[in-house]
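Shown here: start.cif, mmCIF, C-alpha atoms.
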data_target
#
loop_
_atom_site.group_PDB
_atom_site.id
_atom_site.type_symbol
_atom_site.label_atom_id
_atom_site.label_comp_id
_atom_site.auth_asym_id
_atom_site.auth_seq_id
_atom_site.Cartn_x
_atom_site.Cartn_y
_atom_site.Cartn_z
ATOM 1 C CA MET A 8 16.645 2.622 32.441
ATOM 2 C CA VAL A 9 13.138 1.380 31.690
ATOM 3 C CA LYS A 10 12.435 -2.152 32.868
ATOM 4 C CA GLY A 11 11.538 -4.698 30.164
ATOM 5 C CA PRO A 12 12.221 -4.788 26.401
ATOM 6 C CA GLY A 13 9.268 -2.558 25.449
ATOM 7 C CA LEU A 14 7.361 -2.909 22.172
ATOM 8 C CA TYR A 15 8.682 -3.639 18.686
ATOM 9 C CA THR A 16 8.220 0.009 17.709
ATOM 10 C CA ASP A 17 10.770 0.918 20.401
ATOM 11 C CA ILE A 18 13.557 -0.873 18.487
ATOM 12 C CA GLY A 19 15.640 1.898 16.905
ATOM 13 C CA LYS A 20 13.135 4.579 17.992
ATOM 14 C CA LYS A 21 15.710 6.873 19.632
ATOM 15 C CA ALA A 22 17.763 7.062 16.442
ATOM 16 C CA ARG A 23 14.660 7.487 14.244
ATOM 17 C CA ASP A 24 13.386 10.355 16.384
ATOM 18 C CA LEU A 25 16.791 12.043 16.366
ATOM 19 C CA LEU A 26 17.126 11.801 12.577
ATOM 20 C CA ASN A 27 13.504 12.326 11.494
ATOM 21 C CA LYS A 28 11.172 13.742 14.149
ATOM 22 C CA ASP A 29 9.941 17.328 13.564
ATOM 23 C CA TYR A 30 12.053 17.778 10.415
ATOM 24 C CA GLN A 31 10.202 19.513 7.608
ATOM 25 C CA SER A 32 10.884 22.242 5.088
ATOM 26 C CA ASP A 33 8.120 24.388 6.543
ATOM 27 C CA HIS A 34 7.198 26.362 9.649
ATOM 28 C CA LYS A 35 5.190 24.646 12.372
ATOM 29 C CA PHE A 36 3.401 26.120 15.375
ATOM 30 C CA THR A 37 1.857 24.144 18.242
ATOM 31 C CA ILE A 38 -0.044 25.507 21.228
ATOM 32 C CA THR A 39 -1.619 23.526 24.076
ATOM 33 C CA THR A 40 -4.079 24.906 26.602
ATOM 34 C CA TYR A 41 -5.712 23.287 29.635
ATOM 35 C CA SER A 42 -9.179 23.895 31.022
ATOM 36 C CA PRO A 43 -9.915 23.897 34.779
ATOM 37 C CA THR A 44 -11.519 20.461 34.320
ATOM 38 C CA GLY A 45 -8.298 18.994 32.871
ATOM 39 C CA VAL A 46 -9.278 19.013 29.182
ATOM 40 C CA ALA A 47 -6.227 19.574 26.956
ATOM 41 C CA ILE A 48 -6.684 21.341 23.604
ATOM 42 C CA THR A 49 -3.770 21.300 21.152
ATOM 43 C CA SER A 50 -3.804 23.415 17.995
ATOM 44 C CA THR A 51 -1.200 22.830 15.285
ATOM 45 C CA GLY A 52 -0.520 24.940 12.216
ATOM 46 C CA THR A 53 1.926 24.134 9.410
ATOM 47 C CA LYS A 54 2.821 26.450 6.520
ATOM 48 C CA LYS A 55 3.799 24.539 3.365
ATOM 49 C CA GLY A 56 4.743 27.147 0.790
ATOM 50 C CA GLU A 57 1.528 29.068 0.138
ATOM 51 C CA LEU A 58 -0.591 26.365 1.785
ATOM 52 C CA PHE A 59 -1.531 26.450 5.468
ATOM 53 C CA LEU A 60 -2.593 23.208 7.180
ATOM 54 C CA ALA A 61 -4.064 23.050 10.662
ATOM 55 C CA ASP A 62 -5.675 20.646 13.103
ATOM 56 C CA VAL A 63 -7.199 20.826 16.568
ATOM 57 C CA ASN A 64 -6.891 17.949 19.040
ATOM 58 C CA THR A 65 -8.956 17.669 22.226
ATOM 59 C CA GLN A 66 -7.902 15.227 24.931
ATOM 60 C CA LEU A 67 -10.159 14.202 27.797
ATOM 61 C CA LYS A 68 -9.063 11.999 30.694
ATOM 62 C CA ASN A 69 -11.373 10.169 33.073
ATOM 63 C CA LYS A 70 -9.581 7.841 35.489
ATOM 64 C CA ASN A 71 -7.785 5.310 33.252
ATOM 65 C CA ILE A 72 -9.642 6.256 30.040
ATOM 66 C CA THR A 73 -8.208 8.824 27.626
ATOM 67 C CA THR A 74 -10.188 10.112 24.645
ATOM 68 C CA ASP A 75 -8.488 12.019 21.817
ATOM 69 C CA ILE A 76 -10.570 13.788 19.156
ATOM 70 C CA LYS A 77 -8.814 15.574 16.287
ATOM 71 C CA VAL A 78 -10.248 17.581 13.384
ATOM 72 C CA ASP A 79 -8.099 18.786 10.469
ATOM 73 C CA THR A 80 -8.566 21.247 7.616
ATOM 74 C CA SER A 81 -9.590 18.389 5.283
ATOM 75 C CA SER A 82 -12.696 17.790 7.448
ATOM 76 C CA ASN A 83 -11.367 14.484 8.764
ATOM 77 C CA LEU A 84 -12.351 13.452 12.270
ATOM 78 C CA PHE A 85 -9.930 11.188 14.162
ATOM 79 C CA THR A 86 -11.036 9.538 17.390
ATOM 80 C CA THR A 87 -8.856 7.422 19.686
ATOM 81 C CA ILE A 88 -9.999 5.894 22.984
ATOM 82 C CA THR A 89 -7.277 4.436 25.206
ATOM 83 C CA VAL A 90 -7.965 2.317 28.291
ATOM 84 C CA ASP A 91 -4.840 2.054 30.447
ATOM 85 C CA GLN A 92 -4.326 -0.966 32.703
ATOM 86 C CA PRO A 93 -7.704 -2.748 32.379
ATOM 87 C CA ALA A 94 -5.499 -5.631 33.572
ATOM 88 C CA PRO A 95 -1.883 -5.501 34.835
ATOM 89 C CA GLY A 96 0.459 -4.517 31.963
ATOM 90 C CA VAL A 97 -2.377 -4.212 29.418
ATOM 91 C CA LYS A 98 -3.447 -1.217 27.326
ATOM 92 C CA ALA A 99 -6.481 -1.276 24.984
ATOM 93 C CA ILE A 100 -6.882 1.220 22.116
ATOM 94 C CA LEU A 101 -9.847 1.851 19.809
ATOM 95 C CA SER A 102 -9.269 4.206 16.866
ATOM 96 C CA LEU A 103 -11.300 5.313 13.860
ATOM 97 C CA LYS A 104 -11.393 8.037 11.218
ATOM 98 C CA VAL A 105 -14.511 9.658 9.777
ATOM 99 C CA PRO A 106 -15.549 9.548 6.948
ATOM 100 C CA ASP A 107 -13.265 6.532 6.230
ATOM 101 C CA GLN A 108 -15.458 3.602 7.279
ATOM 102 C CA ARG A 109 -12.601 1.098 6.884
ATOM 103 C CA SER A 110 -10.282 2.868 9.323
ATOM 104 C CA GLY A 111 -11.643 1.381 12.564
ATOM 105 C CA LYS A 112 -9.091 -0.640 14.518
ATOM 106 C CA VAL A 113 -8.813 -2.340 17.906
ATOM 107 C CA GLU A 114 -5.362 -2.663 19.431
ATOM 108 C CA ILE A 115 -4.098 -4.483 22.525
ATOM 109 C CA GLN A 116 -0.677 -3.901 24.091
ATOM 110 C CA TYR A 117 0.911 -5.994 26.819
ATOM 111 C CA LEU A 118 4.161 -5.182 28.600
ATOM 112 C CA HIS A 119 6.070 -7.652 30.786
ATOM 113 C CA ASP A 120 9.518 -7.597 32.365
ATOM 114 C CA TYR A 121 10.769 -9.952 29.636
ATOM 115 C CA ALA A 122 8.286 -9.465 26.778
ATOM 116 C CA GLY A 123 6.252 -6.890 24.894
ATOM 117 C CA ILE A 124 3.285 -7.765 22.679
ATOM 118 C CA ASN A 125 1.178 -5.570 20.402
ATOM 119 C CA THR A 126 -1.688 -6.894 18.310
ATOM 120 C CA SER A 127 -4.399 -5.131 16.314
ATOM 121 C CA ILE A 128 -7.236 -5.993 13.963
ATOM 122 C CA GLY A 129 -9.228 -3.814 11.586
ATOM 123 C CA LEU A 130 -12.975 -3.505 12.084
ATOM 124 C CA THR A 131 -13.918 -4.653 8.577
ATOM 125 C CA ALA A 132 -15.326 -7.782 6.964
ATOM 126 C CA ASN A 133 -11.832 -8.766 5.738
ATOM 127 C CA PRO A 134 -9.496 -7.124 8.224
ATOM 128 C CA ILE A 135 -5.738 -6.791 8.278
ATOM 129 C CA VAL A 136 -4.324 -8.425 11.396
ATOM 130 C CA ASN A 137 -1.108 -7.033 12.879
ATOM 131 C CA PHE A 138 1.087 -8.727 15.450
ATOM 132 C CA SER A 139 4.422 -7.746 16.913
ATOM 133 C CA GLY A 140 6.319 -9.281 19.792
ATOM 134 C CA VAL A 141 9.598 -8.673 21.587
ATOM 135 C CA ILE A 142 11.411 -10.891 24.070
ATOM 136 C CA GLY A 143 14.461 -10.090 26.166
ATOM 137 C CA THR A 144 15.412 -7.452 28.703
ATOM 138 C CA ASN A 145 16.035 -3.711 28.714
ATOM 139 C CA LEU A 146 19.629 -4.502 27.644
ATOM 140 C CA LEU A 147 19.114 -6.986 24.787
ATOM 141 C CA SER A 148 15.918 -7.794 22.922
ATOM 142 C CA LEU A 149 14.758 -9.610 19.782
ATOM 143 C CA GLY A 150 11.435 -9.062 18.054
ATOM 144 C CA THR A 151 9.256 -9.538 14.978
ATOM 145 C CA ASP A 152 6.512 -7.505 13.297
ATOM 146 C CA LEU A 153 3.902 -9.179 11.051
ATOM 147 C CA SER A 154 0.800 -8.105 9.107
ATOM 148 C CA PHE A 155 -1.648 -10.556 7.530
ATOM 149 C CA ASP A 156 -4.353 -9.638 5.013
ATOM 150 C CA THR A 157 -7.303 -11.960 5.602
ATOM 151 C CA LYS A 158 -8.837 -10.986 2.231
ATOM 152 C CA THR A 159 -5.893 -12.154 0.116
ATOM 153 C CA GLY A 160 -4.445 -14.638 2.591
ATOM 154 C CA ASN A 161 -0.988 -13.068 2.288
ATOM 155 C CA PHE A 162 1.490 -11.559 4.697
ATOM 156 C CA THR A 163 1.820 -7.876 3.791
ATOM 157 C CA LYS A 164 4.605 -7.190 6.288
ATOM 158 C CA CYS A 165 7.325 -9.325 7.804
ATOM 159 C CA ASN A 166 10.073 -7.597 9.802
ATOM 160 C CA THR A 167 12.536 -8.688 12.466
ATOM 161 C CA GLY A 168 14.694 -6.598 14.775
ATOM 162 C CA LEU A 169 17.471 -6.782 17.360
ATOM 163 C CA SER A 170 18.278 -4.095 19.923
ATOM 164 C CA PHE A 171 21.127 -3.522 22.386
ATOM 165 C CA CYS A 172 20.976 -0.804 25.045
ATOM 166 C CA ASN A 173 23.047 0.478 27.914
ATOM 167 C CA GLU A 174 23.018 3.741 29.850
ATOM 168 C CA ASP A 175 24.305 5.983 27.029
ATOM 169 C CA LEU A 176 24.225 3.857 23.871
ATOM 170 C CA ILE A 177 21.470 2.203 21.842
ATOM 171 C CA ALA A 178 22.186 0.083 18.762
ATOM 172 C CA SER A 179 19.649 -1.760 16.614
ATOM 173 C CA LEU A 180 19.521 -3.960 13.533
ATOM 174 C CA THR A 181 16.306 -4.604 11.594
ATOM 175 C CA LEU A 182 15.431 -6.644 8.496
ATOM 176 C CA ASN A 183 12.407 -5.072 6.776
ATOM 177 C CA ASN A 184 10.202 -5.360 3.692
ATOM 178 C CA LYS A 185 10.155 -9.167 3.754
ATOM 179 C CA GLY A 186 13.935 -9.330 3.851
ATOM 180 C CA ASP A 187 14.592 -6.770 1.100
ATOM 181 C CA SER A 188 16.114 -4.026 3.268
ATOM 182 C CA LEU A 189 18.566 -4.057 6.167
ATOM 183 C CA ASN A 190 18.739 -1.130 8.599
ATOM 184 C CA ALA A 191 21.365 -0.497 11.276
ATOM 185 C CA SER A 192 21.060 2.444 13.660
ATOM 186 C CA TYR A 193 23.098 3.940 16.465
ATOM 187 C CA TYR A 194 22.218 6.483 19.170
ATOM 188 C CA HIS A 195 24.706 7.823 21.707
ATOM 189 C CA THR A 196 24.039 10.224 24.566
ATOM 190 C CA VAL A 197 27.022 12.570 24.830
ATOM 191 C CA ASN A 198 25.817 14.945 27.558
ATOM 192 C CA PRO A 199 22.573 14.081 29.384
ATOM 193 C CA LEU A 200 22.408 17.484 31.114
ATOM 194 C CA MET A 201 22.370 19.364 27.789
ATOM 195 C CA ASN A 202 20.415 16.649 25.945
ATOM 196 C CA THR A 203 23.355 16.313 23.566
ATOM 197 C CA ALA A 204 23.284 13.192 21.413
ATOM 198 C CA VAL A 205 24.554 11.863 18.111
ATOM 199 C CA GLY A 206 23.012 9.195 15.913
ATOM 200 C CA ALA A 207 23.392 7.430 12.604
ATOM 201 C CA GLU A 208 21.418 5.089 10.371
ATOM 202 C CA VAL A 209 22.588 2.930 7.483
ATOM 203 C CA ALA A 210 19.981 1.363 5.185
ATOM 204 C CA HIS A 211 20.741 -1.155 2.420
ATOM 205 C CA SER A 212 18.275 -2.330 -0.214
ATOM 206 C CA PHE A 213 19.058 -5.774 -1.600
ATOM 207 C CA SER A 214 16.790 -5.364 -4.642
ATOM 208 C CA THR A 215 18.405 -2.108 -5.827
ATOM 209 C CA ASN A 216 21.791 -2.554 -4.105
ATOM 210 C CA GLU A 217 21.552 1.033 -2.858
ATOM 211 C CA ASN A 218 22.801 2.377 0.454
ATOM 212 C CA THR A 219 21.461 5.337 2.418
ATOM 213 C CA ILE A 220 23.550 6.805 5.223
ATOM 214 C CA THR A 221 22.215 9.483 7.567
ATOM 215 C CA VAL A 222 23.999 11.065 10.541
ATOM 216 C CA GLY A 223 22.625 13.649 12.937
ATOM 217 C CA THR A 224 22.977 15.386 16.258
ATOM 218 C CA GLN A 225 20.951 17.369 18.769
ATOM 219 C CA HIS A 226 21.784 19.817 21.555
ATOM 220 C CA SER A 227 19.711 21.855 23.999
ATOM 221 C CA LEU A 228 20.686 25.529 23.947
ATOM 222 C CA ASP A 229 18.657 25.948 27.141
ATOM 223 C CA PRO A 230 15.980 23.849 28.924
ATOM 224 C CA LEU A 231 13.329 25.071 26.448
ATOM 225 C CA THR A 232 15.235 25.302 23.150
ATOM 226 C CA THR A 233 16.604 22.404 21.080
ATOM 227 C CA LEU A 234 18.819 22.522 18.010
ATOM 228 C CA LYS A 235 19.054 19.536 15.646
ATOM 229 C CA ALA A 236 20.965 18.863 12.428
ATOM 230 C CA ARG A 237 21.367 15.957 10.016
ATOM 231 C CA VAL A 238 22.987 15.113 6.692
ATOM 232 C CA ASN A 239 22.813 12.096 4.375
ATOM 233 C CA ASN A 240 24.979 10.648 1.630
ATOM 234 C CA ALA A 241 22.694 12.169 -1.025
ATOM 235 C CA GLY A 242 23.952 15.586 0.048
ATOM 236 C CA LYS A 243 20.745 16.688 1.791
ATOM 237 C CA ALA A 244 21.531 18.727 4.933
ATOM 238 C CA SER A 245 18.789 19.766 7.363
ATOM 239 C CA ALA A 246 18.624 21.875 10.504
ATOM 240 C CA LEU A 247 15.877 22.425 13.050
ATOM 241 C CA LEU A 248 15.272 24.866 15.901
ATOM 242 C CA GLN A 249 12.441 24.135 18.342
ATOM 243 C CA HIS A 250 11.388 26.294 21.281
ATOM 244 C CA GLU A 251 8.855 25.333 23.962
ATOM 245 C CA TRP A 252 7.444 28.759 24.792
ATOM 246 C CA ARG A 253 4.867 27.344 27.222
ATOM 247 C CA PRO A 254 4.174 23.804 28.528
ATOM 248 C CA LYS A 255 3.616 21.449 25.544
ATOM 249 C CA SER A 256 3.457 24.431 23.164
ATOM 250 C CA PHE A 257 6.205 24.546 20.520
ATOM 251 C CA PHE A 258 7.433 26.804 17.760
ATOM 252 C CA THR A 259 9.523 24.908 15.200
ATOM 253 C CA ILE A 260 11.584 26.212 12.272
ATOM 254 C CA SER A 261 13.395 23.784 9.986
ATOM 255 C CA GLY A 262 15.004 23.860 6.572
ATOM 256 C CA GLU A 263 16.830 21.664 4.101
ATOM 257 C CA VAL A 264 19.629 22.335 1.638
ATOM 258 C CA ASP A 265 20.797 20.164 -1.259
ATOM 259 C CA THR A 266 24.562 20.591 -0.930
ATOM 260 C CA LYS A 267 25.268 18.686 -4.159
ATOM 261 C CA ALA A 268 22.996 21.034 -6.130
ATOM 262 C CA ILE A 269 24.795 24.036 -4.625
ATOM 263 C CA GLU A 270 28.166 22.478 -5.472
ATOM 264 C CA LYS A 271 27.019 21.811 -9.040
ATOM 265 C CA SER A 272 25.766 25.391 -9.427
ATOM 266 C CA ALA A 273 29.063 26.709 -8.073
ATOM 267 C CA LYS A 274 31.044 24.610 -10.588
ATOM 268 C CA VAL A 275 28.853 25.804 -13.481
ATOM 269 C CA GLY A 276 29.232 29.418 -12.356
ATOM 270 C CA LEU A 277 33.013 29.032 -12.093
ATOM 271 C CA ALA A 278 33.184 27.439 -15.554
ATOM 272 C CA LEU A 279 31.187 30.304 -17.071
ATOM 273 C CA ALA A 280 33.383 32.851 -15.296
ATOM 274 C CA LEU A 281 36.574 31.234 -16.665
ATOM 275 C CA LYS A 282 35.186 30.768 -20.187
ATOM 276 C CA PRO A 283 37.112 33.037 -22.624
#
Structure encoded using structure tokens:
Amino acid sequence: MVKGPGLYTDIGKKARDLLNKDYQSDHKFTITTYSPTGVAITSTGTKKGELFLADVNTQLKNKNITTDIKVDTSSNLFTTITVDQPAPGVKAILSLKVPDQRSGKVEIQYLHDYAGINTSIGLTANPIVNFSGVIGTNLLSLGTDLSFDTKTGNFTKCNTGLSFCNEDLIASLTLNNKGDSLNASYYHTVNPLMNTAVGAEVAHSFSTNENTITVGTQHSLDPLTTLKARVNNAGKASALLQHEWRPKSFFTISGEVDTKAIEKSAKVGLALALKP
């Protein structure tokens, strides 16, 4: 197990990735190539109905400095510069998006055996300041996530979270949206050799008194092919097949079915068939 509690974003991350990562109702293709000098170029294409979206990301590494430059089909240019370990346990990140002049942000991360801190500030005249901190161990941790808008003088985000981990089970509880929503998640490793796992998430909104329940699973058919499935209490069922056909190059197919709509159509069809 990893030493230390990690960052706030790590709370519930395993369950979120199991239930949400790579799911889409479209086809996605990713290919990564490496130059002799170590430059990595990743091209991603996604087909959304009749629309095709693509982006190209170039990653350059020089000692402890990593530069990522990405261009998409909307002519946006994303640049991220990461400096790893300028001091023990520290990571510094500078990111910006062109042509959005208000997107610049500086971020500092610090990891300790019993704490994890992440703070960022926008590079504008009236920036939004983000701070998150976690204390504890790799078994039990407690954290908070805050955002403050210096222009309005208000907190735009206030979340708290609790996480419990052992070798094959991760459970988390978070209070989000300034106390309006409560999320509980569960992730259990069934077979580490086959990457088989199950997970669930329950979300409750206090303002609407609505509950959302999602359960899912994943299993590796072979070392390069992963199958995932999920279903929620709204009747939406999704499945995903992802194959790594070369290092860091993936072909992903996923789809979603509204089981309640199918059931309703079946009942209507049966009623019409029985109608005298």
Run through the PyMOL selection byres ((chain A and resi 129) around 9) on the given coordinates and return the selected residues as a PDB file with C-alpha atoms, in the coordinates of the input.
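What ended up in expr38.pdb:
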ATOM      1  CA  ARG A 109     -12.601   1.098   6.884  1.00  0.00           C
ATOM      2  CA  SER A 110     -10.282   2.868   9.323  1.00  0.00           C
ATOM      3  CA  GLY A 111     -11.643   1.381  12.564  1.00  0.00           C
ATOM      4  CA  LYS A 112      -9.091  -0.640  14.518  1.00  0.00           C
ATOM      5  CA  VAL A 113      -8.813  -2.340  17.906  1.00  0.00           C
ATOM      6  CA  GLU A 114      -5.362  -2.663  19.431  1.00  0.00           C
ATOM      7  CA  SER A 127      -4.399  -5.131  16.314  1.00  0.00           C
ATOM      8  CA  ILE A 128      -7.236  -5.993  13.963  1.00  0.00           C
ATOM      9  CA  LEU A 130     -12.975  -3.505  12.084  1.00  0.00           C
ATOM     10  CA  THR A 131     -13.918  -4.653   8.577  1.00  0.00           C
ATOM     11  CA  ALA A 132     -15.326  -7.782   6.964  1.00  0.00           C
ATOM     12  CA  ASN A 133     -11.832  -8.766   5.738  1.00  0.00           C
ATOM     13  CA  PRO A 134      -9.496  -7.124   8.224  1.00  0.00           C
ATOM     14  CA  ILE A 135      -5.738  -6.791   8.278  1.00  0.00           C
ATOM     15  CA  VAL A 136      -4.324  -8.425  11.396  1.00  0.00           C
ATOM     16  CA  ASN A 137      -1.108  -7.033  12.879  1.00  0.00           C
TER      17      ASN A 137
END
Quick one: everything within 8 Å of region 179-193 of chain A, counting only C-alpha atoms, minus sequence neighbours fewer than 3 positions away in the same chain. Send it as a short mmCIF file (atom, residue, chain, number, x, y, z; two decimals) with C-alpha atoms, keeping the file's coordinate frame.
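Dumped to out20.cif:
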data_model
loop_
_atom_site.label_atom_id
_atom_site.label_comp_id
_atom_site.auth_asym_id
_atom_site.auth_seq_id
_atom_site.Cartn_x
_atom_site.Cartn_y
_atom_site.Cartn_z
CA ILE A 18 13.56 -0.87 18.49
CA GLY A 19 15.64 1.90 16.90
CA ALA A 22 17.76 7.06 16.44
CA LYS A 164 4.61 -7.19 6.29
CA CYS A 165 7.32 -9.32 7.80
CA ASN A 166 10.07 -7.60 9.80
CA THR A 167 12.54 -8.69 12.47
CA GLY A 168 14.69 -6.60 14.78
CA LEU A 169 17.47 -6.78 17.36
CA SER A 170 18.28 -4.10 19.92
CA PHE A 171 21.13 -3.52 22.39
CA LEU A 176 24.22 3.86 23.87
CA GLY A 206 23.01 9.20 15.91
CA ALA A 207 23.39 7.43 12.60
CA GLU A 208 21.42 5.09 10.37
CA VAL A 209 22.59 2.93 7.48
CA ALA A 210 19.98 1.36 5.18
CA HIS A 211 20.74 -1.16 2.42
CA SER A 212 18.27 -2.33 -0.21
CA PHE A 213 19.06 -5.77 -1.60
CA SER A 214 16.79 -5.36 -4.64
#
Could you list, as a PDB file with C-alpha atoms, keeping the file's coordinate frame, every residue within 10 Å of Leu200 (chain A), counting all atoms listed in the file and ignoring same-chain residues fewer than 4 positions away?
ATOM      1  CA  THR A 196      24.039  10.224  24.566  1.00  0.00           C
ATOM      2  CA  HIS A 226      21.784  19.817  21.555  1.00  0.00           C
ATOM      3  CA  SER A 227      19.711  21.855  23.999  1.00  0.00           C
ATOM      4  CA  PRO A 230      15.980  23.849  28.924  1.00  0.00           C
TER       5      PRO A 230
END
Inset, instruction - Return the single residue from A:Gly123, A:Pro254, A:Gly223, A:Gly150 that is closest to Asp24 (chain A), with distances computed using all atoms listed in the file. - result: A:Gly223
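Using all atoms listed in the file, the nearest neighbour of Lys21 (chain A) within the list A:Leu67, A:Leu153, A:Ile177, A:Ile124 is A:Ile177.
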Legend entry - Polymer residues at most 10 Å from Ile260 (chain A), all atoms listed in the file, same-chain spacing of 6 or more positions, as a list of chain:residue names: A:Asp29, A:Tyr30, A:Gln31, A:Ser32, A:Asp33, A:His34, A:Lys35, A:Phe36, A:Leu234, A:Ala246, A:Leu247, A:Leu248, A:Gln249, A:His250
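Comparing the minimum interatomic distances between Ala122 (chain A) and each of A:Asn198, A:Asn145, A:Ser154, A:Ser245, counting all atoms listed in the file, we find that A:Asn145 sits nearest.
The residues caught by the PyMOL selection byres ((chain A and resi 94-104) around 6) in this file are A:Leu84, A:Phe85, A:Thr86, A:Thr87, A:Ile88, A:Thr89, A:Val90, A:Asp91, A:Gln92, A:Pro93, A:Val105, A:Asp107, A:Ser110, A:Gly111, A:Lys112, A:Val113, A:Glu114, A:Ile115, A:Gln116, A:Tyr117, A:Leu118.
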Legend entry - Which of A:Glu57, A:Glu174, A:Glu263, A:Asp120 sits closest to Ala244 (chain A) [using all atoms listed in the file]: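 Selected residue with least distance to Ala244 (chain A): A:Glu263.
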Inset, instruction - Would you kindly return, as an NGL selection string, each protein, DNA or RNA residue with an atom no farther than 10 Å from any atom of Ala47 (chain A), considering all atoms listed in the file and excluding same-chain residues fewer than 3 positions away? - result: :A and (39-44 or 64-68 or 75)
Legend entry - Nearest-residue call for Thr266 (chain A), choices A:Lys235, A:Lys243, A:His119, A:Arg23, using all atoms listed in the file: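 Result for the nearest residue to Thr266 (chain A): A:Lys243.
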Inset, instruction - Give the answer as one residue: which of A:Asn161, A:Asn202, A:Gln108, A:Thr215 has the shortest atom-to-atom distance to Asp229 (chain A), using all atoms listed in the file? - result: A:Asn202
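Between CA of Pro12 (chain A) and CA of Asn173 (chain A) the separation is 12.1 Å.
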Inset, instruction - Give me, please, the distance in Å between CA of Val238 (chain A) and CA of Tyr194 (chain A), quoted to one decimal. - result: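 Result for CA of Val238 (chain A) versus CA of Tyr194 (chain A): 15.2 Å, one decimal.
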Legend entry - Atomic distance CA of Val63 (chain A) - CA of Pro106 (chain A), expressed in Å with one decimal: 17.0 Å
Hey, could you pull the box centre and edge lengths for region 181-185 of chain A, axis-aligned, 4 Å padding per side, all listed atoms, to one decimal in Å, as lines of an AutoDock Vina configuration file?
center_x = 13.2
center_y = -6.9
center_z = 7.6
size_x = 14.2
size_y = 12.6
size_z = 15.9
